[in-house]
Amino acid sequence: MTITRFNLAALSLLLTGCGRYASFTLPAVAGGDPATAFRFEALPAPVIARGDFADALNPSVAGRFNLYSVFDGKMWHTALATSADEQNWSPQGIVLSPDASTWEGTYIAANGSVLQSGGQLSYWYQAGPRGDHRIGLARSSDGKAWRKEPAPVLDHGPVGAWDERVVADPYVIRIDPYFYLYYLGQDRAVRQRLGVARSSDGVHWEKLRANPILELGGESAFDEAGLGEPAVWQSHGFYWMLYTGRDVKEYRRLGLARSTDGVHWTKLSAVFAGDQPWDSKVICDPTVVVEGDRIKVWFGGGDVASPDENLHGQIGFATLVK
């Protein structure tokens with residue numbers, strides 16, 4: 001029997017199981033002042049320099065821990081920095097590397113999202129050979145010694161799906177009783193858009209059936225060539241998302257979107273760009289911590305317009321101010 005492309009897609013959905021997909025939203029919020037706007041006020045110098053690495057990017061902060069990505073010229077690792085005040089960071093070295101004997105390959109185990117609960121750190125990270133990334137999970141009690149799950153916890157979508165080729169850039173938040181994971185998906189046309197999944201245990205995820213939740217911008221928009229690296233939080237009556245947008249010249253800037261249910265998003269006009277020599281071509285990889293009315297943002301920046309590495313990446317700090 002000849003299997004058509006349609007049948008292949010249907011077969012793939014059956015094999016992966018319908019239970020991996022669901023229709024859901026995050027708990028609804030009432031919405032605040034629709035005129036709420038933010039300014040991006042960044043410190044002029046990086047708070048974590050790249051040092052001997054080609055790049056230091058993708059910070060993720062939980063308390064005194066900052067897990068960030070470093071590129072050594074061949075592969076991406078996760079490094080640890082610690083701080084008593086979330087401002088002055090002391091690098092502690094590489095704590096997680098790709099394992100060539102597993103599904104991770106030899107290119108990346110980084111670009112992750114960390115949460116702290118009950119004395120344990122959980123870190124969802126991106127891994128896999130070039131162009132074939134999935135999301136894994138590791139756990140630690142001290143930020144230095146990590147125990148990895150043996151298999152990816154979030155895999156590609158089925159044939160023809162919006163995330164058929166790559167899932168990457170995880171950003172996880174907790175709203176009881178679920179974890180919600182926002183992520184980048186890439187299809188066979190190399191379009192990179194954003195979606196969301198949920199889980200009750202952080203290991204077994206169901207993707208939103210209606211993904212993607214955020215589409216590419218139009219012609220000449222700052223995000224016309226790709227979306228990635230979402231960071232989601234709740235404040236001022238809304239869910240908010242900072243995300244990285246790529247243009248056709250590979251300049252990267254941060255966009256802002258707003259939602260009342262975490263699934264249906266409205267892009268806002270705000271676009272944040274670097275204004276220092278070290279982040280003049282790229283700002284990306286935001287992570288957000290809300291402290292009262294203060295919204296703290298750590299981000300990556302670079303002075304070379306590159307889509308993936310060798311952009312002289314370093315990590316900065318900013319505050320979103322009304």
# chains A, B, ... in the order shown; residues from 1 in each chain; ligands from 1
call {"tool": "select_by_dssp", "arguments": {"residues": "region 146-314 of chain A", "states": "strand (DSSP E)", "output": "JSON, numbers by chain"}}
result
{"A": [147, 148, 166, 167, 168, 169, 170, 171, 172, 173, 174, 175, 178, 179, 180, 181, 182, 183, 184, 185, 186, 192, 193, 194, 195, 196, 197, 198, 199, 206, 207, 208, 226, 227, 228, 229, 230, 231, 232, 233, 234, 235, 238, 239, 240, 241, 242, 243, 244, 245, 246, 252, 253, 254, 255, 256, 257, 258, 259, 266, 267, 268, 269, 270, 271, 272, 282, 283, 284, 285, 286, 287, 288, 289, 290, 291, 294, 295, 296, 297, 298, 299, 300, 301, 302, 314]}
call {"tool": "residues_around", "arguments": {"residues": "Ser23 (chain A)", "least_positions_apart": "4", "cutoff": "9 Å", "atoms": "only C-alpha atoms", "output": "ChimeraX atom specification"}}
result
/A:207-210
call {"tool": "atom_distance", "arguments": {"atom1": "CA of Val196 (chain A)", "atom2": "CA of Lys144 (chain A)"}}
result
28.6 Å
call {"tool": "residues_around", "arguments": {"residues": "region 130-138 of chain A", "least_positions_apart": "6", "cutoff": "8 Å", "atoms": "only C-alpha atoms", "output": "VMD selection string"}}
result
chain A and resid 107 122 to 124 146 to 149 151 to 156 165 to 168 170 203
call {"tool": "residues_around", "arguments": {"residues": "Gly31 (chain A)", "least_positions_apart": "4", "cutoff": "10 Å", "atoms": "only C-alpha atoms", "output": "PyMOL selection string"}}
result
chain A and resi 235-239+258-261
call {"tool": "atom_distance", "arguments": {"atom1": "CA of Pro44 (chain A)", "atom2": "CA of Gly274 (chain A)"}}
result
9.6 Å
call {"tool": "residues_around", "arguments": {"residues": "region 243-249 of chain A", "least_positions_apart": "5", "cutoff": "10 Å", "atoms": "only C-alpha atoms", "output": "NGL selection string"}}
result
:A and (192-194 or 214 or 216-217 or 219-232 or 254-257 or 271-272 or 281-287 or 305-307)
call {"tool": "atom_distance", "arguments": {"atom1": "CA of Ala145 (chain A)", "atom2": "CA of Trp298 (chain A)"}}
result
23.7 Å
call {"tool": "closest_residue", "arguments": {"among": "A:Pro177, A:Pro212, A:Pro129, A:Gly93", "to": "Arg191 (chain A)", "atoms": "only C-alpha atoms"}}
result
A:Pro212
call {"tool": "decode", "arguments": {"residues": "region 245-297 of chain A", "atoms": "C-alpha atoms", "output": "JSON list (two decimals), in the first residue's frame"}}
result
[["chain", "number", "residue", "atom", "x", "y", "z"],
["A", 245, "GLY", "CA", 13.23, 38.53, 17.35],
["A", 246, "ARG", "CA", 15.65, 38.03, 14.44],
["A", 247, "ASP", "CA", 15.69, 40.16, 11.31],
["A", 248, "VAL", "CA", 17.11, 39.20, 7.92],
["A", 249, "LYS", "CA", 20.55, 40.62, 8.83],
["A", 250, "GLU", "CA", 20.63, 38.47, 12.02],
["A", 251, "TYR", "CA", 20.34, 41.47, 14.31],
["A", 252, "ARG", "CA", 18.44, 40.38, 17.41],
["A", 253, "ARG", "CA", 16.25, 42.51, 19.66],
["A", 254, "LEU", "CA", 13.68, 41.87, 22.38],
["A", 255, "GLY", "CA", 9.97, 42.16, 21.71],
["A", 256, "LEU", "CA", 7.15, 42.36, 24.26],
["A", 257, "ALA", "CA", 3.76, 40.62, 24.16],
["A", 258, "ARG", "CA", 0.81, 40.55, 26.56],
["A", 259, "SER", "CA", -1.93, 38.04, 27.39],
["A", 260, "THR", "CA", -4.71, 37.37, 29.89],
["A", 261, "ASP", "CA", -4.58, 33.57, 29.56],
["A", 262, "GLY", "CA", -0.98, 32.74, 28.61],
["A", 263, "VAL", "CA", -2.02, 31.30, 25.25],
["A", 264, "HIS", "CA", -3.54, 34.13, 23.21],
["A", 265, "TRP", "CA", -0.91, 36.86, 22.89],
["A", 266, "THR", "CA", -0.87, 40.40, 21.55],
["A", 267, "LYS", "CA", 2.43, 41.79, 20.35],
["A", 268, "LEU", "CA", 3.11, 45.30, 21.62],
["A", 269, "SER", "CA", 5.00, 48.07, 19.87],
["A", 270, "ALA", "CA", 7.93, 48.03, 22.31],
["A", 271, "VAL", "CA", 11.21, 46.74, 20.86],
["A", 272, "PHE", "CA", 14.33, 46.81, 23.02],
["A", 273, "ALA", "CA", 17.80, 47.02, 21.49],
["A", 274, "GLY", "CA", 21.29, 47.17, 22.93],
["A", 275, "ASP", "CA", 22.84, 50.62, 23.32],
["A", 276, "GLN", "CA", 26.40, 49.74, 24.33],
["A", 277, "PRO", "CA", 29.28, 48.54, 22.12],
["A", 278, "TRP", "CA", 29.22, 45.05, 23.69],
["A", 279, "ASP", "CA", 25.50, 44.46, 22.87],
["A", 280, "SER", "CA", 25.19, 46.67, 19.80],
["A", 281, "LYS", "CA", 24.14, 43.90, 17.37],
["A", 282, "VAL", "CA", 22.33, 41.42, 19.60],
["A", 283, "ILE", "CA", 20.27, 41.35, 22.75],
["A", 284, "CYS", "CA", 18.58, 38.03, 23.42],
["A", 285, "ASP", "CA", 17.96, 35.22, 25.94],
["A", 286, "PRO", "CA", 15.97, 37.08, 28.62],
["A", 287, "THR", "CA", 15.17, 35.64, 32.03],
["A", 288, "VAL", "CA", 12.84, 37.50, 34.38],
["A", 289, "VAL", "CA", 12.45, 37.71, 38.16],
["A", 290, "VAL", "CA", 9.55, 39.76, 39.60],
["A", 291, "GLU", "CA", 10.27, 41.41, 42.93],
["A", 292, "GLY", "CA", 7.25, 43.46, 43.99],
["A", 293, "ASP", "CA", 6.79, 46.14, 41.34],
["A", 294, "ARG", "CA", 10.36, 45.66, 40.12],
["A", 295, "ILE", "CA", 10.89, 43.45, 37.07],
["A", 296, "LYS", "CA", 14.49, 42.29, 36.82],
["A", 297, "VAL", "CA", 15.86, 40.99, 33.54]]
